[in-house]
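One file, protein39.csv, carrying CSV, C-alpha atoms:
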```
chain,number,residue,atom,x,y,z
A,1,MET,CA,0.0,0.0,0.0
A,2,ARG,CA,1.1,3.6,-0.5
A,3,PRO,CA,1.0,5.8,2.6
A,4,SER,CA,-2.6,6.8,2.3
A,5,GLN,CA,-3.9,3.3,2.0
A,6,HIS,CA,-2.0,1.5,4.7
A,7,HIS,CA,-1.3,2.2,8.3
A,8,VAL,CA,0.5,4.8,8.9
A,9,ARG,CA,15.8,-6.2,-11.4
A,10,GLY,CA,44.8,-20.2,-38.1
A,11,ALA,CA,42.2,-23.3,-37.6
A,12,ARG,CA,43.1,-23.4,-33.9
A,13,GLY,CA,42.3,-19.7,-33.7
A,14,LEU,CA,39.0,-20.2,-35.5
A,15,PHE,CA,38.1,-23.2,-33.3
A,16,GLY,CA,38.9,-21.2,-30.2
A,17,ALA,CA,36.8,-18.3,-31.4
A,18,LEU,CA,33.9,-20.7,-32.0
A,19,LEU,CA,34.2,-22.1,-28.5
A,20,ALA,CA,34.2,-18.6,-27.1
A,21,SER,CA,31.2,-17.7,-29.1
A,22,LEU,CA,29.3,-20.8,-27.9
A,23,ALA,CA,30.3,-20.0,-24.3
A,24,THR,CA,28.9,-16.5,-24.7
A,25,LEU,CA,25.7,-17.8,-26.2
A,26,ALA,CA,25.3,-20.3,-23.4
A,27,ALA,CA,25.7,-17.5,-20.9
A,28,LEU,CA,23.2,-15.3,-22.6
A,29,LEU,CA,20.7,-18.2,-22.7
A,30,THR,CA,21.2,-18.8,-19.0
A,31,THR,CA,20.8,-15.2,-18.2
A,32,THR,CA,17.6,-15.0,-20.3
A,33,SER,CA,16.2,-18.1,-18.6
A,34,ALA,CA,16.9,-16.7,-15.2
A,35,ALA,CA,15.3,-13.3,-16.1
A,36,GLN,CA,12.2,-15.1,-17.3
A,37,ALA,CA,12.0,-17.1,-14.0
A,38,ASP,CA,12.5,-14.2,-11.6
A,39,THR,CA,11.9,-10.5,-12.2
A,40,ALA,CA,13.8,-8.2,-9.9
A,41,ILE,CA,12.0,-5.1,-8.7
A,42,CYS,CA,13.8,-2.4,-6.7
A,43,GLU,CA,11.7,0.7,-7.8
A,44,GLN,CA,9.8,2.2,-4.9
A,45,PHE,CA,6.4,1.4,-6.4
A,46,GLY,CA,7.6,-1.0,-9.1
A,47,SER,CA,5.3,-3.9,-10.1
A,48,THR,CA,5.0,-6.8,-12.6
A,49,THR,CA,2.4,-9.4,-13.5
A,50,ILE,CA,2.6,-13.1,-12.8
A,51,GLN,CA,0.5,-16.0,-14.2
A,52,GLY,CA,-1.2,-13.4,-16.4
A,53,ARG,CA,-3.6,-12.7,-13.6
A,54,TYR,CA,-1.9,-11.2,-10.5
A,55,VAL,CA,0.2,-8.2,-9.8
A,56,VAL,CA,3.4,-8.3,-7.6
A,57,GLN,CA,4.3,-4.9,-6.2
A,58,ASN,CA,7.4,-3.7,-4.2
A,59,ASN,CA,5.4,-0.9,-2.5
A,60,ARG,CA,8.1,0.7,-0.4
A,61,TRP,CA,6.1,3.6,1.0
A,62,GLY,CA,7.3,4.1,4.6
A,63,THR,CA,11.1,4.5,4.2
A,64,ALA,CA,13.8,5.9,1.9
A,65,GLU,CA,16.0,2.9,2.4
A,66,ALA,CA,16.4,0.3,-0.4
A,67,GLN,CA,14.1,-2.6,-0.8
A,68,CYS,CA,14.1,-5.2,-3.6
A,69,ILE,CA,12.0,-8.2,-4.4
A,70,ASN,CA,12.1,-11.0,-6.9
A,71,ALA,CA,8.8,-11.9,-8.5
A,72,THR,CA,8.5,-15.6,-9.3
A,73,ASP,CA,5.8,-17.4,-11.3
A,74,SER,CA,4.0,-18.2,-8.1
A,75,GLY,CA,4.7,-15.3,-5.8
A,76,PHE,CA,7.7,-13.2,-4.7
A,77,ARG,CA,10.7,-13.1,-2.3
A,78,VAL,CA,12.3,-10.1,-0.6
A,79,THR,CA,15.9,-10.0,-1.6
A,80,ARG,CA,16.9,-6.7,0.1
A,81,ALA,CA,15.2,-4.8,3.0
A,82,ASP,CA,17.5,-2.1,4.4
A,83,GLY,CA,17.0,-0.1,7.5
A,84,SER,CA,14.4,0.0,10.2
A,85,VAL,CA,11.6,2.2,11.5
A,86,PRO,CA,10.2,2.5,15.1
A,87,THR,CA,7.9,-0.4,16.0
A,88,ASN,CA,5.3,1.8,17.6
A,89,GLY,CA,4.6,3.5,14.2
A,90,ALA,CA,3.8,2.4,10.6
A,91,PRO,CA,5.9,-0.3,8.8
A,92,LYS,CA,8.5,0.3,6.1
A,93,SER,CA,6.5,-1.1,3.2
A,94,TYR,CA,4.0,-3.8,2.0
A,95,PRO,CA,5.6,-5.9,-0.7
A,96,SER,CA,2.7,-8.0,-1.9
A,97,VAL,CA,0.9,-9.9,-4.6
A,98,TYR,CA,-2.7,-9.1,-5.3
A,99,ASN,CA,-5.9,-9.7,-7.3
A,100,GLY,CA,-8.0,-6.6,-7.9
A,101,CYS,CA,-7.2,-2.9,-8.2
A,102,HIS,CA,-4.6,-0.8,-6.4
A,103,TYR,CA,-4.1,2.9,-7.2
A,104,THR,CA,-5.5,2.3,-10.8
A,105,ASN,CA,-3.2,-0.7,-11.3
A,106,CYS,CA,-5.7,-3.6,-11.9
A,107,SER,CA,-4.7,-7.2,-12.2
A,108,PRO,CA,-5.5,-8.8,-15.6
A,109,GLY,CA,-8.9,-10.3,-16.0
A,110,THR,CA,-9.9,-9.5,-12.4
A,111,ALA,CA,-13.6,-9.6,-11.4
A,112,LEU,CA,-13.0,-6.8,-8.9
A,113,PRO,CA,-14.3,-4.4,-7.8
A,114,ALA,CA,-17.4,-6.6,-7.1
A,115,GLN,CA,-20.4,-5.7,-4.9
A,116,LEU,CA,-20.4,-7.9,-1.8
A,117,SER,CA,-24.1,-8.8,-2.3
A,118,THR,CA,-23.2,-10.4,-5.6
A,119,VAL,CA,-20.2,-12.4,-4.4
A,120,SER,CA,-21.1,-16.0,-3.5
A,121,SER,CA,-17.6,-17.0,-2.7
A,122,ALA,CA,-14.0,-15.7,-3.0
A,123,PRO,CA,-11.7,-18.7,-2.5
A,124,THR,CA,-8.0,-18.0,-2.0
A,125,ALA,CA,-4.9,-19.9,-1.1
A,126,ILE,CA,-1.6,-18.6,0.2
A,127,SER,CA,1.7,-20.0,1.3
A,128,TYR,CA,4.4,-18.0,3.2
A,129,THR,CA,8.1,-18.4,4.1
A,130,TYR,CA,9.2,-16.7,7.3
A,131,VAL,CA,12.5,-15.5,8.8
A,132,SER,CA,13.5,-14.9,12.4
A,133,ASP,CA,16.0,-12.1,12.1
A,134,ALA,CA,13.4,-9.3,11.4
A,135,VAL,CA,10.4,-7.5,12.8
A,136,TYR,CA,7.3,-7.9,10.6
A,137,ASP,CA,3.9,-9.2,10.2
A,138,ALA,CA,2.6,-11.5,7.4
A,139,ALA,CA,-0.7,-10.0,6.4
A,140,TYR,CA,-3.5,-10.9,4.0
A,141,ASP,CA,-5.4,-7.6,3.2
A,142,ILE,CA,-9.0,-7.3,2.1
A,143,TRP,CA,-10.2,-3.9,0.9
A,144,LEU,CA,-13.8,-2.7,1.0
A,145,ASP,CA,-15.3,0.6,-0.2
A,146,PRO,CA,-18.8,2.0,-0.7
A,147,THR,CA,-18.0,2.7,-4.3
A,148,PRO,CA,-16.4,0.5,-7.0
A,149,ARG,CA,-13.2,2.6,-6.9
A,150,THR,CA,-10.0,1.5,-8.5
A,151,ASP,CA,-7.8,4.3,-7.1
A,152,GLY,CA,-7.1,6.0,-3.8
A,153,VAL,CA,-8.0,5.1,-0.3
A,154,ASN,CA,-10.7,2.5,0.5
A,155,ARG,CA,-13.0,3.0,3.5
A,156,THR,CA,-12.3,-0.3,5.3
A,157,GLU,CA,-9.2,-2.5,5.5
A,158,ILE,CA,-9.4,-6.1,6.8
A,159,MET,CA,-6.1,-7.5,7.9
A,160,VAL,CA,-5.6,-11.2,8.5
A,161,TRP,CA,-2.3,-11.6,10.3
A,162,PHE,CA,-0.9,-15.1,9.6
A,163,ASN,CA,2.2,-14.4,11.7
A,164,LYS,CA,4.1,-11.7,13.6
A,165,VAL,CA,7.6,-11.5,14.8
A,166,GLY,CA,8.7,-8.8,17.2
A,167,PRO,CA,7.0,-6.1,19.3
A,168,VAL,CA,4.3,-5.0,16.8
A,169,GLN,CA,0.6,-5.0,16.9
A,170,PRO,CA,-2.4,-4.0,14.7
A,171,VAL,CA,-4.0,-0.6,14.5
A,172,GLY,CA,-6.3,0.2,17.4
A,173,SER,CA,-7.0,-2.2,20.3
A,174,GLN,CA,-8.1,-5.7,20.9
A,175,VAL,CA,-11.9,-5.9,21.1
A,176,GLY,CA,-12.2,-9.7,21.7
A,177,SER,CA,-11.8,-13.0,19.9
A,178,ALA,CA,-13.7,-14.8,17.2
A,179,SER,CA,-13.9,-18.0,15.2
A,180,VAL,CA,-13.7,-17.3,11.5
A,181,ALA,CA,-13.3,-19.8,8.6
A,182,GLY,CA,-12.7,-22.6,11.2
A,183,ARG,CA,-9.9,-20.8,13.1
A,184,GLN,CA,-9.6,-18.8,16.3
A,185,TRP,CA,-8.4,-15.2,16.1
A,186,GLN,CA,-7.7,-12.2,18.3
A,187,VAL,CA,-9.8,-9.3,16.9
A,188,TRP,CA,-8.5,-5.8,16.8
A,189,SER,CA,-10.3,-2.7,15.6
A,190,GLY,CA,-9.2,0.9,15.0
A,191,ASN,CA,-8.6,3.7,12.5
A,192,ASN,CA,-5.3,4.9,11.1
A,193,GLY,CA,-6.5,8.4,10.1
A,194,SER,CA,-7.4,7.4,6.6
A,195,ASN,CA,-9.5,4.3,6.9
A,196,ASP,CA,-11.0,1.8,9.4
A,197,VAL,CA,-8.9,-1.2,10.1
A,198,LEU,CA,-10.3,-4.6,11.3
A,199,SER,CA,-7.6,-7.1,12.1
A,200,PHE,CA,-7.6,-10.8,12.8
A,201,VAL,CA,-4.4,-12.1,14.5
A,202,ALA,CA,-3.6,-15.8,14.5
A,203,PRO,CA,-2.4,-17.0,18.0
A,204,SER,CA,0.4,-19.0,16.3
A,205,ALA,CA,2.0,-18.8,12.8
A,206,ILE,CA,0.1,-20.1,9.8
A,207,THR,CA,2.4,-21.0,6.9
A,208,SER,CA,-0.3,-22.0,4.4
A,209,TRP,CA,-4.1,-21.9,4.2
A,210,ASN,CA,-7.0,-22.1,1.8
A,211,PHE,CA,-10.0,-20.0,2.9
A,212,ASP,CA,-13.0,-17.9,1.6
A,213,VAL,CA,-12.3,-14.2,1.7
A,214,MET,CA,-16.1,-13.6,2.2
A,215,ASP,CA,-15.9,-15.2,5.7
A,216,PHE,CA,-13.9,-12.1,6.8
A,217,ALA,CA,-15.9,-9.6,4.7
A,218,ARG,CA,-19.1,-10.8,6.5
A,219,GLN,CA,-17.3,-10.1,9.8
A,220,ALA,CA,-16.8,-6.5,8.8
A,221,VAL,CA,-20.5,-6.2,7.8
A,222,ALA,CA,-21.6,-7.8,11.1
A,223,ARG,CA,-19.4,-5.3,13.0
A,224,GLY,CA,-20.8,-2.2,11.2
A,225,LEU,CA,-17.6,-1.5,9.3
A,226,ALA,CA,-19.1,-2.3,5.9
A,227,GLN,CA,-22.4,-3.0,4.2
A,228,ASN,CA,-23.5,-5.6,1.6
A,229,SER,CA,-23.9,-2.8,-0.9
A,230,TRP,CA,-20.2,-2.0,-0.6
A,231,TYR,CA,-17.5,-3.4,-3.0
A,232,LEU,CA,-14.6,-5.7,-2.6
A,233,THR,CA,-11.9,-3.9,-4.5
A,234,SER,CA,-8.8,-6.1,-3.9
A,235,VAL,CA,-7.2,-8.9,-1.9
A,236,GLN,CA,-3.5,-8.7,-1.2
A,237,ALA,CA,-1.0,-11.0,0.5
A,238,GLY,CA,2.5,-9.9,1.7
A,239,PHE,CA,4.5,-8.6,4.6
A,240,GLU,CA,4.8,-5.4,6.6
A,241,PRO,CA,8.4,-5.2,7.8
A,242,TRP,CA,9.6,-2.7,10.5
A,243,GLN,CA,13.2,-4.0,10.7
A,244,ASN,CA,15.1,-6.0,8.0
A,245,GLY,CA,13.0,-8.6,6.1
A,246,THR,CA,15.3,-10.2,3.6
A,247,GLY,CA,14.2,-13.7,2.9
A,248,LEU,CA,10.5,-13.3,3.5
A,249,ALA,CA,8.5,-14.9,0.7
A,250,VAL,CA,5.1,-15.6,-0.6
A,251,THR,CA,5.7,-18.9,-2.3
A,252,SER,CA,2.3,-19.4,-3.8
A,253,PHE,CA,-0.9,-17.3,-4.2
A,254,SER,CA,-4.3,-17.8,-5.8
A,255,SER,CA,-7.5,-15.8,-5.7
A,256,THR,CA,-10.8,-16.0,-7.5
A,257,VAL,CA,-14.1,-14.1,-7.0
A,258,ASP,CA,-17.3,-15.9,-7.9
A,259,THR,CA,-20.0,-13.4,-8.5
A,260,GLY,CA,-22.5,-16.1,-9.5
A,261,GLY,CA,-23.7,-14.5,-12.7
A,262,GLY,CA,-20.2,-13.9,-14.2
A,263,PRO,CA,-16.7,-15.2,-14.4
A,264,GLY,CA,-14.8,-15.8,-11.2
A,265,GLY,CA,-11.5,-15.2,-12.8
A,266,PRO,CA,-9.7,-15.8,-16.1
A,267,SER,CA,-10.9,-19.5,-16.2
A,268,GLY,CA,-14.3,-18.9,-14.6
A,269,PRO,CA,-15.9,-20.8,-11.8
A,270,ALA,CA,-16.3,-24.6,-12.2
A,271,ALA,CA,-18.7,-27.0,-10.6
A,272,CYS,CA,-16.6,-29.9,-9.4
A,273,ALA,CA,-16.2,-32.8,-7.0
A,274,VAL,CA,-12.9,-34.3,-5.7
A,275,THR,CA,-12.1,-37.6,-4.1
A,276,TYR,CA,-8.7,-38.0,-2.3
A,277,ALA,CA,-7.9,-41.7,-1.8
A,278,THR,CA,-4.8,-42.3,0.3
A,279,ASN,CA,-2.4,-45.1,1.2
A,280,VAL,CA,-0.5,-44.1,4.4
A,281,TRP,CA,2.5,-45.7,6.1
A,282,PRO,CA,4.9,-44.2,8.8
A,283,GLY,CA,6.5,-41.1,7.3
A,284,GLY,CA,5.0,-41.5,3.8
A,285,PHE,CA,1.9,-41.6,1.7
A,286,THR,CA,0.4,-41.8,-1.8
A,287,ALA,CA,-2.8,-40.2,-2.9
A,288,ASP,CA,-5.0,-40.9,-5.9
A,289,VAL,CA,-7.0,-37.7,-6.7
A,290,THR,CA,-10.1,-37.8,-8.9
A,291,VAL,CA,-11.5,-34.5,-10.2
A,292,THR,CA,-15.1,-34.7,-11.6
A,293,ASN,CA,-16.6,-31.9,-13.7
A,294,THR,CA,-20.1,-31.7,-12.4
A,295,GLY,CA,-20.9,-28.6,-14.4
A,296,SER,CA,-22.5,-28.2,-17.9
A,297,ALA,CA,-19.4,-26.7,-19.6
A,298,PRO,CA,-16.0,-28.2,-20.3
A,299,VAL,CA,-13.1,-27.2,-18.1
A,300,ASP,CA,-10.0,-26.3,-20.2
A,301,GLY,CA,-6.5,-26.2,-18.8
A,302,TRP,CA,-7.7,-27.4,-15.3
A,303,ARG,CA,-5.9,-26.2,-12.2
A,304,LEU,CA,-6.8,-27.8,-8.8
A,305,ALA,CA,-5.6,-25.8,-5.7
A,306,PHE,CA,-5.4,-27.3,-2.2
A,307,ALA,CA,-3.2,-26.8,0.9
A,308,LEU,CA,-1.1,-29.7,2.2
A,309,PRO,CA,-1.2,-29.9,6.0
A,310,ALA,CA,1.9,-28.8,7.9
A,311,GLY,CA,4.7,-31.3,7.7
A,312,GLN,CA,3.7,-32.8,4.4
A,313,ARG,CA,5.9,-32.6,1.2
A,314,ILE,CA,5.3,-34.0,-2.3
A,315,THR,CA,8.2,-36.1,-3.6
A,316,SER,CA,6.7,-37.1,-7.0
A,317,SER,CA,3.5,-37.0,-9.0
A,318,TRP,CA,1.9,-38.5,-12.1
A,319,ASN,CA,-0.7,-37.5,-14.7
A,320,ALA,CA,-0.4,-33.9,-13.5
A,321,THR,CA,2.2,-31.2,-12.6
A,322,VAL,CA,2.0,-30.4,-8.9
A,323,SER,CA,3.9,-27.4,-7.4
A,324,PRO,CA,5.2,-26.3,-5.1
A,325,ALA,CA,6.2,-29.3,-3.0
A,326,SER,CA,4.5,-28.1,0.2
A,327,GLY,CA,2.0,-25.6,1.5
A,328,ALA,CA,-0.6,-24.2,-0.9
A,329,VAL,CA,-0.1,-26.3,-4.0
A,330,THR,CA,-1.7,-26.4,-7.5
A,331,ALA,CA,-2.1,-29.5,-9.7
A,332,SER,CA,-2.3,-28.8,-13.4
A,333,GLY,CA,-3.3,-31.0,-16.3
A,334,LEU,CA,-0.9,-32.3,-18.9
A,335,PRO,CA,-1.5,-31.9,-22.7
A,336,TYR,CA,-3.3,-35.3,-22.9
A,337,ASN,CA,-5.7,-34.6,-20.0
A,338,ALA,CA,-6.0,-30.8,-19.9
A,339,GLN,CA,-9.7,-30.8,-20.6
A,340,ILE,CA,-12.5,-32.3,-18.5
A,341,PRO,CA,-15.8,-32.6,-20.4
A,342,PRO,CA,-19.1,-32.1,-18.6
A,343,GLY,CA,-19.7,-35.2,-16.4
A,344,GLY,CA,-16.1,-36.3,-17.1
A,345,LYS,CA,-13.3,-36.9,-14.7
A,346,VAL,CA,-9.5,-37.0,-14.5
A,347,THR,CA,-7.3,-38.8,-12.0
A,348,PHE,CA,-3.8,-38.0,-11.0
A,349,GLY,CA,-1.5,-39.2,-8.2
A,350,LEU,CA,1.1,-38.0,-5.9
A,351,GLN,CA,3.6,-39.5,-3.4
A,352,GLY,CA,4.9,-37.6,-0.4
A,353,SER,CA,6.4,-37.6,3.1
A,354,TYR,CA,5.0,-36.3,6.3
A,355,SER,CA,6.0,-35.7,9.9
A,356,GLY,CA,3.7,-36.0,13.0
A,357,SER,CA,0.2,-37.2,12.4
A,358,PHE,CA,-1.2,-37.6,8.9
A,359,ALA,CA,-4.1,-35.5,7.7
A,360,GLU,CA,-5.8,-34.9,4.3
A,361,PRO,CA,-6.2,-31.4,2.7
A,362,GLY,CA,-9.1,-29.5,4.1
A,363,GLY,CA,-10.6,-28.4,0.8
A,364,PHE,CA,-10.1,-28.2,-3.0
A,365,SER,CA,-10.9,-25.5,-5.6
A,366,LEU,CA,-11.0,-25.9,-9.4
A,367,GLY,CA,-10.3,-22.7,-11.3
A,368,GLY,CA,-10.8,-20.9,-8.0
A,369,ALA,CA,-14.2,-22.3,-7.2
A,370,ALA,CA,-14.6,-24.6,-4.3
A,371,CYS,CA,-15.3,-28.3,-5.0
A,372,ALA,CA,-17.4,-30.8,-3.2
A,373,THR,CA,-15.4,-33.6,-1.5
A,374,ALA,CA,-16.3,-37.2,-1.0
```
Written as structure tokens, that's how I'd like the structure from this file.
Amino acid sequence: MRPSQHHVRGARGLFGALLASLATLAALLTTTSAAQADTAICEQFGSTTIQGRYVVQNNRWGTAEAQCINATDSGFRVTRADGSVPTNGAPKSYPSVYNGCHYTNCSPGTALPAQLSTVSSAPTAISYTYVSDAVYDAAYDIWLDPTPRTDGVNRTEIMVWFNKVGPVQPVGSQVGSASVAGRQWQVWSGNNGSNDVLSFVAPSAITSWNFDVMDFARQAVARGLAQNSWYLTSVQAGFEPWQNGTGLAVTSFSSTVDTGGGPGGPSGPAACAVTYATNVWPGGFTADVTVTNTGSAPVDGWRLAFALPAGQRITSSWNATVSPASGAVTASGLPYNAQIPPGGKVTFGLQGSYSGSFAEPGGFSLGGAACATA
């Protein structure tokens, strides 16, 4: 966020020359490949697009010190975060990835802004990597406004703190606790001088989670900080650092908004059902995953999102590409099974390891729309 919308990148000679040319070409190809994989951003408000549908932004609004991030295909990583600011004031920045509109910069194909009364669900998945040598929070931001604005300051900000390290706290004061989207939260409420802020703070760090943004939006409505006639303008996931921050990363992010009568994202919502059949042994497991298209239209280029429980890691997969190996993962079809016709199904498998007790993913979404489970 910018200040007003957040709390306050001879033959031997010829042969030798040929080898040198080949070496130079190889170096150029390597450099090009790396540049395509990661986009470095050091500009204060620099941004780029990933997956053709989300915006990654550096958003260094609270300090003159240098900050750089690397945008990846699935998120971003903070590669430089110089300096510090007092922990009793506003943070240095909010490097983040988002779906929606931020200061006229709208993500490609977004369904936002969307009136809350028209949004049936807004499924999202996020996976974070944390560091210990910094002071920061990991925040998922949800922005609401009485108008469908794509610029400037929104009226209400909902912050979902997945983690915090150091002596920092949300805007305002704690007003109680609540169970939202199946988790317990400390609830804080206040105003930063520009907008109302409603914060939900996890009692312990969450590294990855799938949830419905509307569960938190309804909390704002119930507490008088929004109305159903208001608009959801953007959802953003990132970090607010006060001190340091190098190494913090969003390793995966997905967001879709289902307005019922229109597309929920570039691929549109899909009616689906998922079965997750497992074979488990001490320290390892396999899963056969069957995805059924229960809708009336074919699903092209299917992408199934789900969050692996903590301690689980995928070691191999078949009949689909599954990445990353842990946290919030996405399975994508291969050329020979990329389409699921109406009433059709596709099955893929994966093998993995786990620590502690074994658990299955809590939910699945296809093209951003939640699937029924069996």
List the neighbours of Gly247 in chain A out to 7 Å using all atoms listed in the file; skip same-chain residues closer than 5 positions along the sequence, and give me the result as a PDB file with C-alpha atoms, keeping the file's coordinate frame.
```
ATOM      1  CA  ARG A  77      10.700 -13.100  -2.300  1.00  0.00           C
ATOM      2  CA  VAL A  78      12.300 -10.100  -0.600  1.00  0.00           C
ATOM      3  CA  THR A  79      15.900 -10.000  -1.600  1.00  0.00           C
ATOM      4  CA  VAL A 131      12.500 -15.500   8.800  1.00  0.00           C
TER       5      VAL A 131
END
```
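Close to (-6.5, -0.1, 11.8), meaning no more than 10 Å away when counting only C-alpha atoms, sit the residues His6, His7, Val8, Thr156, Glu157, Ile158, Met159, Pro170, Val171, Gly172, Ser173, Trp188, Ser189, Gly190, Asn191, Asn192, Gly193, Ser194, Asn195, Asp196, Val197, Leu198 and Ser199 of chain A.
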Residues within 9 Å of His102 in chain A, all atoms listed in the file, excluding chain neighbours under 2 positions, as a PyMOL selection string: chain A and resi 1+98+100+104-107+150-152+233-234
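With distances restricted to all atoms listed in the file, A:Thr147 is the closest residue to Leu112 in chain A from A:Asn319, A:Ser177, A:Thr147, A:Gln57.
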Interatomic distance (Å, one decimal) between CA of Gly284 in chain A and CA of Tyr128 in chain A: 23.5 Å
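Pairwise distance (CA of Arg155 in chain A, CA of Phe253 in chain A) equals 24.9 Å.
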Length of the CA of Tyr103 in chain A to CA of Asn58 in chain A vector [Å]: 13.6 Å
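Minimum atom-to-atom distance to Pro342 in chain A, evaluated using all atoms listed in the file, belongs to A:Asp300 out of A:Glu43, A:Asp300, A:Glu360, A:Asp145.
Surrounding residues of (-4.2, -10.8, 3.4) at most 8 Å away are A:Ala138, A:Ala139, A:Tyr140, A:Asp141, A:Ile142, A:Ile158, A:Met159, A:Val160, A:Trp161, A:Val235, A:Gln236, A:Ala237, A:Gly238 (based on only C-alpha atoms).
You can rank A:Ala277, A:Cys371, A:Val56, A:Leu366 by their closest distance to Phe348 in chain A using all atoms listed in the file, and at the top of that list sits A:Ala277.
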Which residue of A:Gln227, A:Pro113, A:Pro108, A:Ala372 approaches Cys272 in chain A most closely, using all atoms listed in the file: A:Ala372
Pick from A:Ala90, A:Val153, A:Val322, A:Val97 nearest to Ala71 in chain A, counting all atoms listed in the file: A:Val97
